[in-house]
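K.L.:
My file is protein06.cif. It has mmCIF, C-alpha atoms and all ligand atoms:
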data_structure
loop_
_atom_site.label_atom_id
_atom_site.label_comp_id
_atom_site.auth_asym_id
_atom_site.auth_seq_id
_atom_site.Cartn_x
_atom_site.Cartn_y
_atom_site.Cartn_z
CA MET M 1 105.02 -155.56 62.17
CA ASN M 2 107.77 -158.06 62.15
CA THR M 3 109.99 -156.27 59.61
CA TYR M 4 113.11 -155.77 61.77
CA SER M 5 115.22 -158.09 63.89
CA ARG M 6 116.05 -155.57 66.58
CA LEU M 7 119.09 -155.64 68.85
CA PRO M 8 118.46 -155.78 72.62
CA LEU M 9 118.93 -152.07 73.31
CA SER M 10 116.31 -149.45 74.08
CA ILE M 11 117.61 -145.94 73.36
CA GLN M 12 116.13 -142.94 75.10
CA LYS M 13 118.56 -140.08 74.66
CA GLY M 14 121.34 -138.95 72.33
CA LYS M 15 123.97 -136.21 72.32
CA GLY M 16 126.88 -135.87 69.91
CA ALA M 17 128.49 -139.26 69.23
CA TYR M 18 126.73 -140.97 72.17
CA VAL M 19 123.31 -142.44 72.94
CA TRP M 20 121.97 -143.51 76.34
CA SER M 21 119.92 -146.62 77.06
CA ASP M 22 116.81 -146.82 79.26
CA LYS M 23 119.26 -147.92 81.99
CA ASN M 24 121.17 -144.67 81.43
CA GLU M 25 124.22 -146.45 80.04
CA ALA M 26 126.22 -144.55 77.40
CA TYR M 27 126.99 -146.14 74.01
CA LEU M 28 129.42 -144.77 71.42
CA ASP M 29 127.34 -144.56 68.25
CA PHE M 30 129.26 -145.48 65.09
CA THR M 31 126.05 -145.94 63.09
CA SER M 32 124.66 -142.35 63.07
CA GLY M 33 121.16 -143.75 62.57
CA ILE M 34 122.49 -145.39 59.35
CA ALA M 35 124.41 -142.40 57.93
CA THR M 36 121.73 -139.93 58.96
CA CYS M 37 122.82 -138.08 62.12
CA ASN M 38 125.92 -136.75 60.35
CA LEU M 39 126.18 -133.86 62.86
CA GLY M 40 125.80 -136.22 65.82
CA HIS M 41 122.68 -136.48 67.94
CA CYS M 42 120.67 -133.31 68.66
CA PRO M 43 123.10 -130.82 67.05
CA PRO M 44 122.46 -127.53 68.91
CA GLU M 45 122.23 -125.26 65.82
CA VAL M 46 119.65 -127.50 64.14
CA GLN M 47 117.76 -127.94 67.42
CA LYS M 48 117.56 -124.15 67.94
CA ALA M 49 116.33 -123.52 64.39
CA LEU M 50 113.74 -126.30 64.73
CA GLU M 51 112.52 -124.91 68.06
CA GLN M 52 112.00 -121.49 66.45
CA GLN M 53 110.21 -123.05 63.49
CA LEU M 54 108.03 -125.13 65.85
CA SER M 55 106.51 -121.97 67.25
CA ASN M 56 106.06 -120.44 63.81
CA LEU M 57 104.72 -122.93 61.24
CA TRP M 58 104.72 -126.74 60.95
CA HIS M 59 102.89 -127.62 57.78
CA THR M 60 100.79 -126.14 54.99
CA SER M 61 101.15 -128.55 51.99
CA ASN M 62 102.64 -127.68 48.61
CA LEU M 63 99.57 -125.76 47.46
CA TYR M 64 101.34 -122.55 48.55
CA HIS M 65 104.80 -121.03 48.32
CA LEU M 66 107.01 -122.07 51.21
CA PRO M 67 109.93 -119.71 51.95
CA LYS M 68 111.93 -122.35 53.86
CA GLN M 69 111.58 -124.82 50.99
CA GLU M 70 112.65 -122.17 48.49
CA GLU M 71 115.65 -121.29 50.66
CA LEU M 72 116.79 -124.92 50.93
CA ALA M 73 116.29 -125.47 47.19
CA ARG M 74 118.35 -122.35 46.44
CA LEU M 75 121.15 -123.54 48.73
CA LEU M 76 121.20 -127.05 47.21
CA VAL M 77 121.34 -125.61 43.70
CA GLU M 78 124.10 -123.16 44.70
CA LYS M 79 126.23 -125.94 46.17
CA SER M 80 125.76 -128.51 43.39
CA CYS M 81 125.70 -128.76 39.58
CA PHE M 82 121.89 -129.06 39.49
CA ASP M 83 119.20 -126.46 38.73
CA GLN M 84 115.94 -127.67 40.28
CA VAL M 85 114.83 -129.64 43.33
CA PHE M 86 111.85 -131.82 44.23
CA PHE M 87 111.38 -132.50 47.96
CA CYS M 88 110.03 -135.67 49.55
CA ASN M 89 110.53 -137.55 52.82
CA SER M 90 112.96 -140.42 52.32
CA GLY M 91 115.63 -141.93 50.10
CA ALA M 92 113.27 -144.40 48.46
CA GLU M 93 110.88 -141.56 47.59
CA ALA M 94 113.73 -139.48 46.17
CA ASN M 95 114.72 -142.41 43.94
CA GLU M 96 111.09 -143.08 43.05
CA ALA M 97 110.85 -139.43 41.94
CA ALA M 98 114.06 -139.83 39.91
CA ILE M 99 112.66 -142.94 38.18
CA LYS M 100 109.43 -141.10 37.35
CA LEU M 101 111.37 -138.09 36.04
CA VAL M 102 113.50 -140.35 33.81
CA ARG M 103 110.35 -141.96 32.41
CA ALA M 104 108.64 -138.58 31.90
CA PHE M 105 111.79 -137.33 30.14
CA ALA M 106 111.80 -140.36 27.82
CA ASN M 107 108.10 -139.98 27.00
CA ASN M 108 108.51 -136.24 26.44
CA ASN M 109 111.31 -136.86 23.99
CA HIS M 110 109.35 -139.57 22.18
CA LYS M 111 112.01 -142.11 23.09
CA LYS M 112 111.21 -145.76 22.93
CA HIS M 113 109.99 -147.52 26.10
CA ALA M 114 111.99 -146.04 29.01
CA SER M 115 114.60 -148.31 30.54
CA ILE M 116 117.05 -147.77 33.38
CA VAL M 117 120.32 -149.63 33.91
CA THR M 118 121.27 -150.17 37.56
CA PHE M 119 123.98 -152.38 39.05
CA GLN M 120 124.29 -155.69 40.81
CA GLN M 121 124.55 -155.36 44.61
CA SER M 122 123.05 -151.85 44.46
CA PHE M 123 120.45 -150.65 46.96
CA HIS M 124 117.92 -147.97 46.05
CA GLY M 125 115.06 -148.38 48.54
CA ARG M 126 112.01 -150.39 49.58
CA THR M 127 109.15 -149.04 47.45
CA LEU M 128 108.20 -151.32 44.57
CA ALA M 129 109.97 -149.34 41.84
CA THR M 130 113.11 -148.86 43.95
CA VAL M 131 113.07 -152.57 44.91
CA ALA M 132 112.91 -153.30 41.17
CA ALA M 133 115.84 -150.92 40.64
CA THR M 134 117.85 -152.57 43.43
CA GLY M 135 120.32 -155.19 42.22
CA GLN M 136 119.90 -157.72 45.06
CA GLU M 137 117.62 -160.74 44.82
CA LYS M 138 117.04 -160.90 48.59
CA ILE M 139 115.39 -157.44 48.49
CA LYS M 140 113.03 -158.41 45.64
CA SER M 141 112.17 -161.90 46.75
CA GLY M 142 108.52 -162.35 47.73
CA PHE M 143 107.30 -159.16 46.07
CA GLU M 144 106.93 -160.34 42.48
CA PRO M 145 105.74 -159.31 39.97
CA MET M 146 108.35 -156.54 39.74
CA PRO M 147 107.70 -153.29 37.87
CA GLU M 148 109.39 -153.50 34.47
CA GLY M 149 112.07 -151.37 32.89
CA PHE M 150 115.20 -152.15 34.94
CA ILE M 151 118.33 -153.92 33.73
CA HIS M 152 120.98 -154.95 36.27
CA LEU M 153 124.59 -155.10 35.11
CA PRO M 154 127.86 -155.93 36.93
CA TYR M 155 129.39 -152.95 38.80
CA ASN M 156 132.90 -151.69 38.00
CA ASP M 157 132.82 -153.83 34.86
CA TYR M 158 133.89 -152.61 31.40
CA GLN M 159 131.70 -155.15 29.62
CA SER M 160 128.73 -153.40 31.28
CA LEU M 161 129.75 -150.18 29.51
CA GLN M 162 129.74 -152.01 26.20
CA THR M 163 126.25 -153.37 26.99
CA ILE M 164 125.09 -149.83 27.86
CA ARG M 165 126.40 -148.58 24.49
CA GLU M 166 124.43 -151.30 22.71
CA LEU M 167 121.22 -151.04 24.77
CA GLU M 168 121.09 -147.23 24.87
CA PRO M 169 118.81 -147.12 27.94
CA THR M 170 117.13 -143.87 28.98
CA ALA M 171 119.24 -143.66 32.14
CA VAL M 172 121.96 -145.29 34.19
CA MET M 173 121.47 -145.05 37.94
CA LEU M 174 124.19 -145.88 40.45
CA GLU M 175 125.68 -145.39 43.88
CA LEU M 176 129.26 -144.15 43.48
CA LEU M 177 129.97 -146.10 46.65
CA GLN M 178 127.64 -149.02 47.28
CA GLY M 179 126.71 -148.85 50.97
CA GLU M 180 124.20 -151.59 51.77
CA GLY M 181 125.76 -153.81 49.09
CA GLY M 182 129.02 -154.23 51.04
CA VAL M 183 130.81 -150.82 50.98
CA VAL M 184 132.28 -151.02 47.46
CA ARG M 185 133.65 -147.93 45.70
CA ALA M 186 133.14 -147.28 42.00
CA ASP M 187 136.45 -147.24 40.16
CA PRO M 188 137.19 -143.63 39.01
CA ASP M 189 138.34 -144.67 35.50
CA TRP M 190 135.23 -146.78 35.04
CA VAL M 191 132.98 -143.89 36.16
CA LYS M 192 134.78 -141.53 33.77
CA GLU M 193 134.11 -143.86 30.88
CA LEU M 194 130.54 -144.47 32.02
CA SER M 195 129.97 -140.71 32.14
CA SER M 196 131.39 -140.14 28.64
CA THR M 197 129.34 -143.07 27.30
CA CYS M 198 126.22 -141.47 28.77
CA LYS M 199 127.10 -138.09 27.20
CA GLU M 200 127.85 -139.63 23.82
CA LYS M 201 124.63 -141.69 23.71
CA GLU M 202 122.42 -139.07 25.42
CA ILE M 203 121.74 -141.37 28.36
CA LEU M 204 120.84 -139.69 31.66
CA LEU M 205 123.29 -140.26 34.52
CA VAL M 206 121.55 -140.58 37.91
CA VAL M 207 123.59 -140.74 41.11
CA ASP M 208 121.99 -142.08 44.28
CA GLU M 209 123.74 -140.11 47.03
CA VAL M 210 121.23 -141.02 49.72
CA GLN M 211 124.00 -142.60 51.81
CA THR M 212 127.13 -140.94 50.35
CA GLY M 213 125.86 -137.34 50.26
CA MET M 214 126.01 -134.60 52.91
CA GLY M 215 129.73 -134.83 53.67
CA ARG M 216 129.78 -138.56 54.47
CA THR M 217 132.76 -139.32 52.21
CA GLY M 218 134.70 -136.07 52.80
CA SER M 219 133.14 -133.80 50.14
CA LEU M 220 129.60 -132.42 50.25
CA PHE M 221 128.59 -134.87 47.49
CA LEU M 222 130.63 -137.86 46.33
CA TYR M 223 130.19 -137.10 42.59
CA GLU M 224 132.49 -134.06 43.09
CA GLN M 225 135.41 -136.46 43.72
CA TYR M 226 134.78 -138.18 40.38
CA ASN M 227 134.81 -135.00 38.24
CA VAL M 228 131.54 -135.93 36.56
CA GLU M 229 128.32 -133.93 36.16
CA PRO M 230 125.31 -136.20 36.65
CA ASP M 231 121.87 -135.18 35.32
CA ILE M 232 120.00 -136.24 38.47
CA MET M 233 121.02 -136.76 42.11
CA THR M 234 119.02 -138.09 45.03
CA LEU M 235 119.56 -137.21 48.69
CA ALA M 236 117.92 -138.07 52.02
CA LYS M 237 119.47 -139.49 55.23
CA GLY M 238 121.99 -136.78 56.30
CA LEU M 239 120.07 -133.89 54.74
CA GLY M 240 117.87 -133.30 57.80
CA SER M 241 120.20 -134.54 60.58
CA GLY M 242 117.52 -137.08 61.54
CA PHE M 243 114.46 -135.03 60.61
CA PRO M 244 112.90 -136.97 57.69
CA ILE M 245 113.52 -135.29 54.33
CA GLY M 246 114.49 -136.44 50.84
CA ALA M 247 115.35 -134.50 47.70
CA MET M 248 115.71 -135.19 44.00
CA LEU M 249 117.85 -132.68 42.12
CA ALA M 250 118.03 -132.39 38.34
CA LYS M 251 119.45 -130.32 35.52
CA GLU M 252 117.03 -127.78 34.06
CA GLU M 253 116.42 -129.57 30.75
CA VAL M 254 115.64 -132.87 32.53
CA ALA M 255 113.54 -131.31 35.31
CA ALA M 256 111.40 -129.66 32.61
CA ALA M 257 109.82 -133.07 31.90
CA PHE M 258 107.79 -132.74 35.12
CA LYS M 259 104.73 -130.59 34.45
CA SER M 260 102.34 -129.29 37.08
CA GLY M 261 100.36 -132.16 38.63
CA MET M 262 102.66 -134.96 37.46
CA HIS M 263 104.23 -135.69 40.83
CA GLY M 264 103.72 -134.61 44.42
CA SER M 265 103.93 -135.25 48.15
CA THR M 266 101.80 -133.93 51.01
CA PHE M 267 104.67 -133.65 53.47
CA GLY M 268 107.55 -133.20 51.00
CA GLY M 269 109.62 -130.11 51.78
CA ASN M 270 107.53 -129.05 54.74
CA PRO M 271 108.79 -126.06 56.78
CA LEU M 272 110.15 -128.15 59.69
CA ALA M 273 112.04 -130.56 57.43
CA CYS M 274 113.47 -127.73 55.33
CA THR M 275 114.55 -125.81 58.44
CA ALA M 276 116.54 -128.88 59.53
CA GLY M 277 117.91 -129.14 55.99
CA ILE M 278 119.01 -125.49 55.77
CA GLU M 279 120.91 -125.58 59.07
CA THR M 280 122.48 -128.96 58.29
CA LEU M 281 123.57 -127.97 54.79
CA ASN M 282 125.03 -124.65 55.97
CA ILE M 283 127.16 -126.42 58.58
CA ILE M 284 128.33 -129.37 56.47
CA SER M 285 129.23 -127.33 53.40
CA GLU M 286 131.66 -125.11 55.36
CA GLU M 287 135.25 -125.67 54.30
CA SER M 288 136.46 -125.95 57.90
CA PHE M 289 133.83 -128.60 58.66
CA LEU M 290 134.83 -130.75 55.68
CA LYS M 291 138.51 -130.26 56.57
CA ASN M 292 137.85 -131.72 60.00
CA VAL M 293 135.97 -134.65 58.44
CA ALA M 294 139.03 -135.32 56.26
CA GLU M 295 141.38 -135.14 59.27
CA GLN M 296 139.37 -137.35 61.61
CA SER M 297 138.59 -139.91 58.90
CA GLN M 298 142.28 -140.05 57.99
CA LEU M 299 143.07 -140.83 61.63
CA LEU M 300 140.34 -143.46 61.75
CA HIS M 301 141.55 -145.12 58.54
CA THR M 302 145.16 -145.18 59.82
CA GLU M 303 144.07 -146.78 63.11
CA LEU M 304 142.01 -149.37 61.22
CA GLU M 305 144.96 -150.20 58.96
CA SER M 306 146.98 -151.21 61.99
CA LEU M 307 144.12 -153.39 63.28
CA LEU M 308 144.24 -155.19 59.92
CA ASP M 309 147.79 -156.24 60.75
CA ASP M 310 146.78 -157.54 64.20
CA PHE M 311 143.62 -159.43 63.20
CA SER M 312 144.09 -161.63 60.16
CA PHE M 313 140.38 -162.49 59.96
CA ILE M 314 139.83 -158.93 58.68
CA LYS M 315 140.38 -159.40 54.96
CA GLU M 316 140.04 -155.86 53.68
CA LYS M 317 139.24 -152.28 54.63
CA ARG M 318 137.07 -150.45 52.10
CA GLY M 319 135.15 -147.19 51.74
CA LYS M 320 135.84 -143.48 51.82
CA GLY M 321 135.78 -140.79 54.49
CA MET M 322 133.35 -141.83 57.22
CA LEU M 323 131.67 -144.65 55.25
CA ILE M 324 133.91 -147.60 56.01
CA GLY M 325 133.56 -151.34 55.53
CA LEU M 326 135.70 -154.14 56.96
CA GLU M 327 135.31 -157.42 55.14
CA ILE M 328 135.88 -160.31 57.53
CA ASN M 329 136.15 -164.07 57.44
CA GLY M 330 133.01 -164.76 59.45
CA ASN M 331 129.65 -163.23 60.33
CA ALA M 332 129.61 -159.46 60.64
CA ILE M 333 126.50 -159.57 62.82
CA ASP M 334 128.44 -161.51 65.50
CA ILE M 335 130.86 -158.59 65.77
CA VAL M 336 127.96 -156.10 65.86
CA LYS M 337 126.44 -158.07 68.78
CA MET M 338 129.73 -158.32 70.66
CA ALA M 339 130.31 -154.57 70.15
CA LEU M 340 126.94 -153.90 71.78
CA GLU M 341 128.25 -155.62 74.94
CA GLU M 342 131.20 -153.18 74.83
CA LYS M 343 128.76 -150.25 74.52
CA LEU M 344 129.72 -149.60 70.91
CA LEU M 345 127.12 -149.39 68.12
CA LEU M 346 128.20 -150.80 64.74
CA LEU M 347 126.45 -151.95 61.57
CA SER M 348 126.84 -154.70 59.04
CA ALA M 349 126.56 -154.40 55.24
CA GLY M 350 125.76 -157.85 53.93
CA PRO M 351 126.80 -161.06 55.71
CA ASN M 352 130.55 -160.47 56.10
CA VAL M 353 131.15 -156.71 56.14
CA VAL M 354 131.25 -154.67 59.35
CA ARG M 355 130.19 -151.12 58.51
CA LEU M 356 131.31 -148.00 60.38
CA LEU M 357 129.28 -144.82 59.98
CA PRO M 358 130.41 -142.46 62.75
CA PRO M 359 129.00 -138.94 63.03
CA LEU M 360 131.09 -136.55 60.92
CA THR M 361 131.66 -134.50 64.07
CA ILE M 362 133.72 -137.11 65.94
CA THR M 363 136.79 -135.84 67.76
CA GLN M 364 140.21 -137.40 68.16
CA GLU M 365 139.08 -138.52 71.62
CA ASP M 366 136.10 -140.36 70.09
CA VAL M 367 138.44 -142.12 67.65
CA VAL M 368 140.69 -143.20 70.55
CA THR M 369 137.68 -144.51 72.51
CA PHE M 370 136.42 -146.31 69.43
CA VAL M 371 139.78 -148.01 68.81
CA GLN M 372 139.96 -149.19 72.46
CA LYS M 373 136.45 -150.65 72.38
CA PHE M 374 136.75 -152.12 68.90
CA THR M 375 140.12 -153.77 69.63
CA LYS M 376 138.55 -155.47 72.66
CA VAL M 377 135.65 -156.69 70.51
CA LEU M 378 137.99 -158.07 67.85
CA GLN M 379 140.08 -159.87 70.51
CA GLN M 380 136.95 -161.46 71.98
CA TYR M 381 135.76 -162.45 68.52
CA MET M 382 139.12 -164.05 67.75
CA GLU M 383 139.04 -166.01 71.04
CA VAL M 384 135.48 -167.25 70.49
CA GLU M 385 136.23 -168.23 66.88
CA HIS M 386 139.28 -170.25 67.95
CA GLU M 387 137.60 -172.05 70.82
C1 LIG N 401 121.94 -145.67 48.50
C2 LIG N 401 120.59 -145.71 49.14
N1 LIG N 401 119.51 -145.38 48.42
C3 LIG N 401 118.28 -145.39 48.95
C4 LIG N 401 118.07 -145.76 50.27
C5 LIG N 401 116.68 -145.76 50.84
O1 LIG N 401 116.53 -144.71 51.72
P1 LIG N 401 115.28 -144.69 52.75
O2 LIG N 401 115.49 -145.80 53.71
O3 LIG N 401 115.35 -143.33 53.37
O4 LIG N 401 114.06 -144.88 51.94
C6 LIG N 401 119.17 -146.12 51.06
C7 LIG N 401 118.97 -146.56 52.45
O5 LIG N 401 119.79 -147.18 53.06
C8 LIG N 401 120.46 -146.09 50.49
O6 LIG N 401 121.54 -146.45 51.18
#
What is this structure when it is put down as structure tokens?
P.N.:
Amino acid sequence: MNTYSRLPLSIQKGKGAYVWSDKNEAYLDFTSGIATCNLGHCPPEVQKALEQQLSNLWHTSNLYHLPKQEELARLLVEKSCFDQVFFCNSGAEANEAAIKLVRAFANNNHKKHASIVTFQQSFHGRTLATVAATGQEKIKSGFEPMPEGFIHLPYNDYQSLQTIRELEPTAVMLELLQGEGGVVRADPDWVKELSSTCKEKEILLVVDEVQTGMGRTGSLFLYEQYNVEPDIMTLAKGLGSGFPIGAMLAKEEVAAAFKSGMHGSTFGGNPLACTAGIETLNIISEESFLKNVAEQSQLLHTELESLLDDFSFIKEKRGKGMLIGLEINGNAIDIVKMALEEKLLLLSAGPNVVRLLPPLTITQEDVVTFVQKFTKVLQQYMEVEHE
């Protein structure tokens, strides 16, 4: 159906930071399938594990115990502050599960009608409940009536915290770095106060780490950098290196609100998806891997800083680690299209932000190649704009 306006490129192969077109032309991929192929395309360790699993078991449903699912759940719990995991197949489903868990928790505790505060410019997915949770009119428009129970407040705003204190919702759900909404980081002091408000008023804190999780911002999960302990976290994208998988993690006392039969998924946590998840998580959570992410992203940020000096139409560089946004005076999509001509894949985030999401495995050589290509694109853009 006509749900995407696709760029004129047909991709048939991928390896590391590159993809090849049907004409066998190589493109440097700074999109990673929208923050998904964090280990680059076809990472050999994940490929090998998947090949072994392919000849062993594909699918059984959740009517039985699944050792691979249990192993991935154990690993996720070990490497986070959460106690239990629900598996699904996408980010929207992970958030949908989080919303249902919040509501079940409220009902279980005989709280008044469950309500969830989310933030303006947030993005939480394309199912009806996650569209309702999303704080962008353009995502909701045309799908009314919206499911009830969501309140959108301004992000990074202290008045919002006051409103939360007064409203006492069941939960507050946020991205600690808004990706789709323009690459905007949550202010650490604001998050600290939000977290203590939630503790004080017994409001659940839900972090949507669908885009920021799995090493994307330099730590395994972004909440670690904020020194807060959320009650629920959602993951998807990078968890399976491109194999579809989503997860909703929760603290024991919150997870207990889900009783047998209350939620489910036929495919969720199937052996193939969990095999991809186990290999991916084991690689990304290694200290040496995250150290390299920090080093290469530092180099990338430094290079981008100097481009800011050369091209005044770039207003600001934002983001963290390998989730970077450049706010420009102009249309981001024009730069994305020009980059395609230079065999460089880029993204936009809203009308005027160019978004860079390179694989976390990029080398210094990839950064150099990127800077060469991107500088050329920016020069062309400047010439066209001044014609
Ligand atoms: C923060 C966030 N949450 C949820 C989603 C939805 O994930 P999916 O497209 O896998 O449903 C996205 C997708 O971009 C996202 O960035």
K.L.:
With distances taken over only C-alpha atoms, which residue among M:Gln364, M:Gln47, M:Thr170, M:Asn156 lies nearest M:Ile203?
P.N.:
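Checking each of M:Gln364, M:Gln47, M:Thr170, M:Asn156 against M:Ile203, counting only C-alpha atoms, the winner is M:Thr170.
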K.L.:
Which one is closest to M:Gly181: M:Tyr4, M:Tyr155, M:Phe258, M:Tyr64? Count all atoms listed in the file.
P.N.:
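Checking each candidate against M:Gly181, we get M:Tyr155 as the closest.
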K.L.:
When you count only C-alpha atoms and all ligand atoms, which of these residues is closest to ligand LIG 401 (chain N): M:Ser90, M:Asn109, M:Thr266, M:Ser219?
P.N.:
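For ligand LIG 401 (chain N), the nearest of the candidates is M:Ser90.
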K.L.:
Determine, counting all atoms listed in the file, which protein, DNA and RNA residues have an atom within 12 Å of an atom of M:Ser241; residues of the same chain fewer than 5 positions away are not included. Present the result as a PDB file with C-alpha atoms, keeping the file's coordinate frame.
P.N.:
ATOM      1  CA  GLY M  16     126.880-135.870  69.910  1.00  0.00           C
ATOM      2  CA  SER M  32     124.660-142.350  63.070  1.00  0.00           C
ATOM      3  CA  GLY M  33     121.160-143.750  62.570  1.00  0.00           C
ATOM      4  CA  ILE M  34     122.490-145.390  59.350  1.00  0.00           C
ATOM      5  CA  ALA M  35     124.410-142.400  57.930  1.00  0.00           C
ATOM      6  CA  THR M  36     121.730-139.930  58.960  1.00  0.00           C
ATOM      7  CA  CYS M  37     122.820-138.080  62.120  1.00  0.00           C
ATOM      8  CA  ASN M  38     125.920-136.750  60.350  1.00  0.00           C
ATOM      9  CA  LEU M  39     126.180-133.860  62.860  1.00  0.00           C
ATOM     10  CA  GLY M  40     125.800-136.220  65.820  1.00  0.00           C
ATOM     11  CA  HIS M  41     122.680-136.480  67.940  1.00  0.00           C
ATOM     12  CA  CYS M  42     120.670-133.310  68.660  1.00  0.00           C
ATOM     13  CA  PRO M  43     123.100-130.820  67.050  1.00  0.00           C
ATOM     14  CA  PRO M  44     122.460-127.530  68.910  1.00  0.00           C
ATOM     15  CA  GLU M  45     122.230-125.260  65.820  1.00  0.00           C
ATOM     16  CA  VAL M  46     119.650-127.500  64.140  1.00  0.00           C
ATOM     17  CA  GLN M  47     117.760-127.940  67.420  1.00  0.00           C
ATOM     18  CA  LEU M  50     113.740-126.300  64.730  1.00  0.00           C
ATOM     19  CA  MET M 214     126.010-134.600  52.910  1.00  0.00           C
ATOM     20  CA  GLY M 215     129.730-134.830  53.670  1.00  0.00           C
ATOM     21  CA  ALA M 236     117.920-138.070  52.020  1.00  0.00           C
ATOM     22  CA  GLY M 246     114.490-136.440  50.840  1.00  0.00           C
ATOM     23  CA  LEU M 272     110.150-128.150  59.690  1.00  0.00           C
ATOM     24  CA  ALA M 273     112.040-130.560  57.430  1.00  0.00           C
ATOM     25  CA  CYS M 274     113.470-127.730  55.330  1.00  0.00           C
ATOM     26  CA  THR M 275     114.550-125.810  58.440  1.00  0.00           C
ATOM     27  CA  ALA M 276     116.540-128.880  59.530  1.00  0.00           C
ATOM     28  CA  GLY M 277     117.910-129.140  55.990  1.00  0.00           C
ATOM     29  CA  ILE M 278     119.010-125.490  55.770  1.00  0.00           C
ATOM     30  CA  GLU M 279     120.910-125.580  59.070  1.00  0.00           C
ATOM     31  CA  THR M 280     122.480-128.960  58.290  1.00  0.00           C
ATOM     32  CA  LEU M 281     123.570-127.970  54.790  1.00  0.00           C
ATOM     33  CA  ASN M 282     125.030-124.650  55.970  1.00  0.00           C
ATOM     34  CA  ILE M 283     127.160-126.420  58.580  1.00  0.00           C
ATOM     35  CA  ILE M 284     128.330-129.370  56.470  1.00  0.00           C
ATOM     36  CA  PRO M 359     129.000-138.940  63.030  1.00  0.00           C
ATOM     37  CA  LEU M 360     131.090-136.550  60.920  1.00  0.00           C
ATOM     38  CA  THR M 361     131.660-134.500  64.070  1.00  0.00           C
TER      39      THR M 361
END
K.L.:
I'd like the contact shell of M:Ala332 - 10 Å cut-off, only C-alpha atoms, skipping same-chain residues fewer than 5 positions apart - returned as a list in words.
P.N.:
Leu326, Glu327, Lys337, Leu346, Leu347, Ser348, Ala349, Gly350, Pro351, Asn352, Val353, Val354 and Arg355 of chain M
K.L.:
So that each row is one residue of chain M with an atom at most 7 Å from ligand LIG 401 (chain N), can you give its shortest atom pair and the distance in Å to one decimal, using all atoms listed in the file, rows by chain and rising number, as JSON lines?
P.N.:
{"residue": "M:Ser90", "atom": "CA", "partner": "N:LIG401", "partner_atom": "O3", "distance": 3.9}
{"residue": "M:Gly91", "atom": "CA", "partner": "N:LIG401", "partner_atom": "O1", "distance": 3.3}
{"residue": "M:Ala92", "atom": "CA", "partner": "N:LIG401", "partner_atom": "O4", "distance": 3.6}
{"residue": "M:Glu93", "atom": "CA", "partner": "N:LIG401", "partner_atom": "O4", "distance": 6.3}
{"residue": "M:Asn95", "atom": "CA", "partner": "N:LIG401", "partner_atom": "C3", "distance": 6.8}
{"residue": "M:Phe123", "atom": "CA", "partner": "N:LIG401", "partner_atom": "C2", "distance": 5.4}
{"residue": "M:His124", "atom": "CA", "partner": "N:LIG401", "partner_atom": "N1", "distance": 3.9}
{"residue": "M:Gly125", "atom": "CA", "partner": "N:LIG401", "partner_atom": "C5", "distance": 3.8}
{"residue": "M:Arg126", "atom": "CA", "partner": "N:LIG401", "partner_atom": "O4", "distance": 6.3}
{"residue": "M:Glu175", "atom": "CA", "partner": "N:LIG401", "partner_atom": "C1", "distance": 6.0}
{"residue": "M:Gln178", "atom": "CA", "partner": "N:LIG401", "partner_atom": "C1", "distance": 6.7}
{"residue": "M:Gly179", "atom": "CA", "partner": "N:LIG401", "partner_atom": "O6", "distance": 5.7}
{"residue": "M:Glu180", "atom": "CA", "partner": "N:LIG401", "partner_atom": "O6", "distance": 5.8}
{"residue": "M:Asp208", "atom": "CA", "partner": "N:LIG401", "partner_atom": "C1", "distance": 5.5}
{"residue": "M:Glu209", "atom": "CA", "partner": "N:LIG401", "partner_atom": "C1", "distance": 6.0}
{"residue": "M:Val210", "atom": "CA", "partner": "N:LIG401", "partner_atom": "C2", "distance": 4.8}
{"residue": "M:Gln211", "atom": "CA", "partner": "N:LIG401", "partner_atom": "O6", "distance": 4.6}
{"residue": "M:Ala236", "atom": "CA", "partner": "N:LIG401", "partner_atom": "O3", "distance": 6.0}
{"residue": "M:Lys237", "atom": "CA", "partner": "N:LIG401", "partner_atom": "O3", "distance": 5.9}
K.L.:
For M:Ile335, which residue among M:Met382, M:Leu174, M:Val367, M:Leu357 is the nearest when counting all atoms listed in the file?
P.N.:
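Under the stated criterion, the closest residue is M:Met382.
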K.L.:
Find the residue from M:Asn2, M:Gln298, M:Asn107, M:Thr234 that sits nearest to M:Thr212; use all atoms listed in the file when measuring.
P.N.:
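Once distances to M:Thr212 are computed over all atoms listed in the file, the minimum belongs to M:Thr234.
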K.L.:
Edge lengths and centre, in Å to one decimal, as AutoDock Vina command-line options: that's what I need for the box along x, y and z that holds all listed atoms of stretch 43-62 of chain M plus 8 Å on each side.
P.N.:
--center_x 111.9 --center_y -125.6 --center_z 58.8 --size_x 38.3 --size_y 26.4 --size_z 36.3
K.L.:
For stretch 140-145 of chain M, list every protein, DNA or RNA residue within 12 Å, evaluated using all atoms listed in the file, and leave out those in the same chain fewer than 3 positions away; present the list as a list in words.
P.N.:
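Within the cut-off, the hits are Gln121, Phe123, His124, Gly125, Arg126, Thr127, Leu128, Ala129, Thr130, Val131, Ala132, Ala133, Thr134, Gly135, Gln136, Glu137 and Glu148 of chain M.
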K.L.:
What does the distance from atom CA of M:Asn270 to atom CA of M:Gln69 come to in Å, to one decimal?
P.N.:
7.0 Å
K.L.:
Taking only C-alpha atoms into account, name the residue in M:Asp366, M:Phe267, M:Asp22, M:Leu239 that is nearest to M:Gln296.
P.N.:
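Under the stated criterion, the closest residue is M:Asp366.
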K.L.:
Quick one: residues within 10 Å of (120.5, -140.0, 35.0) (file frame), counting only C-alpha atoms, please, as a list in words.
P.N.:
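Output of the proximity query reads Ala98, Ile99, Leu101, Val102, Ile116, Val117, Thr170, Ala171, Val172, Met173, Leu174, Ser195, Cys198, Glu202, Ile203, Leu204, Leu205, Val206, Val207, Asp208, Glu229, Pro230, Asp231, Ile232, Met233, Ala250, Lys251 and Val254 of chain M.
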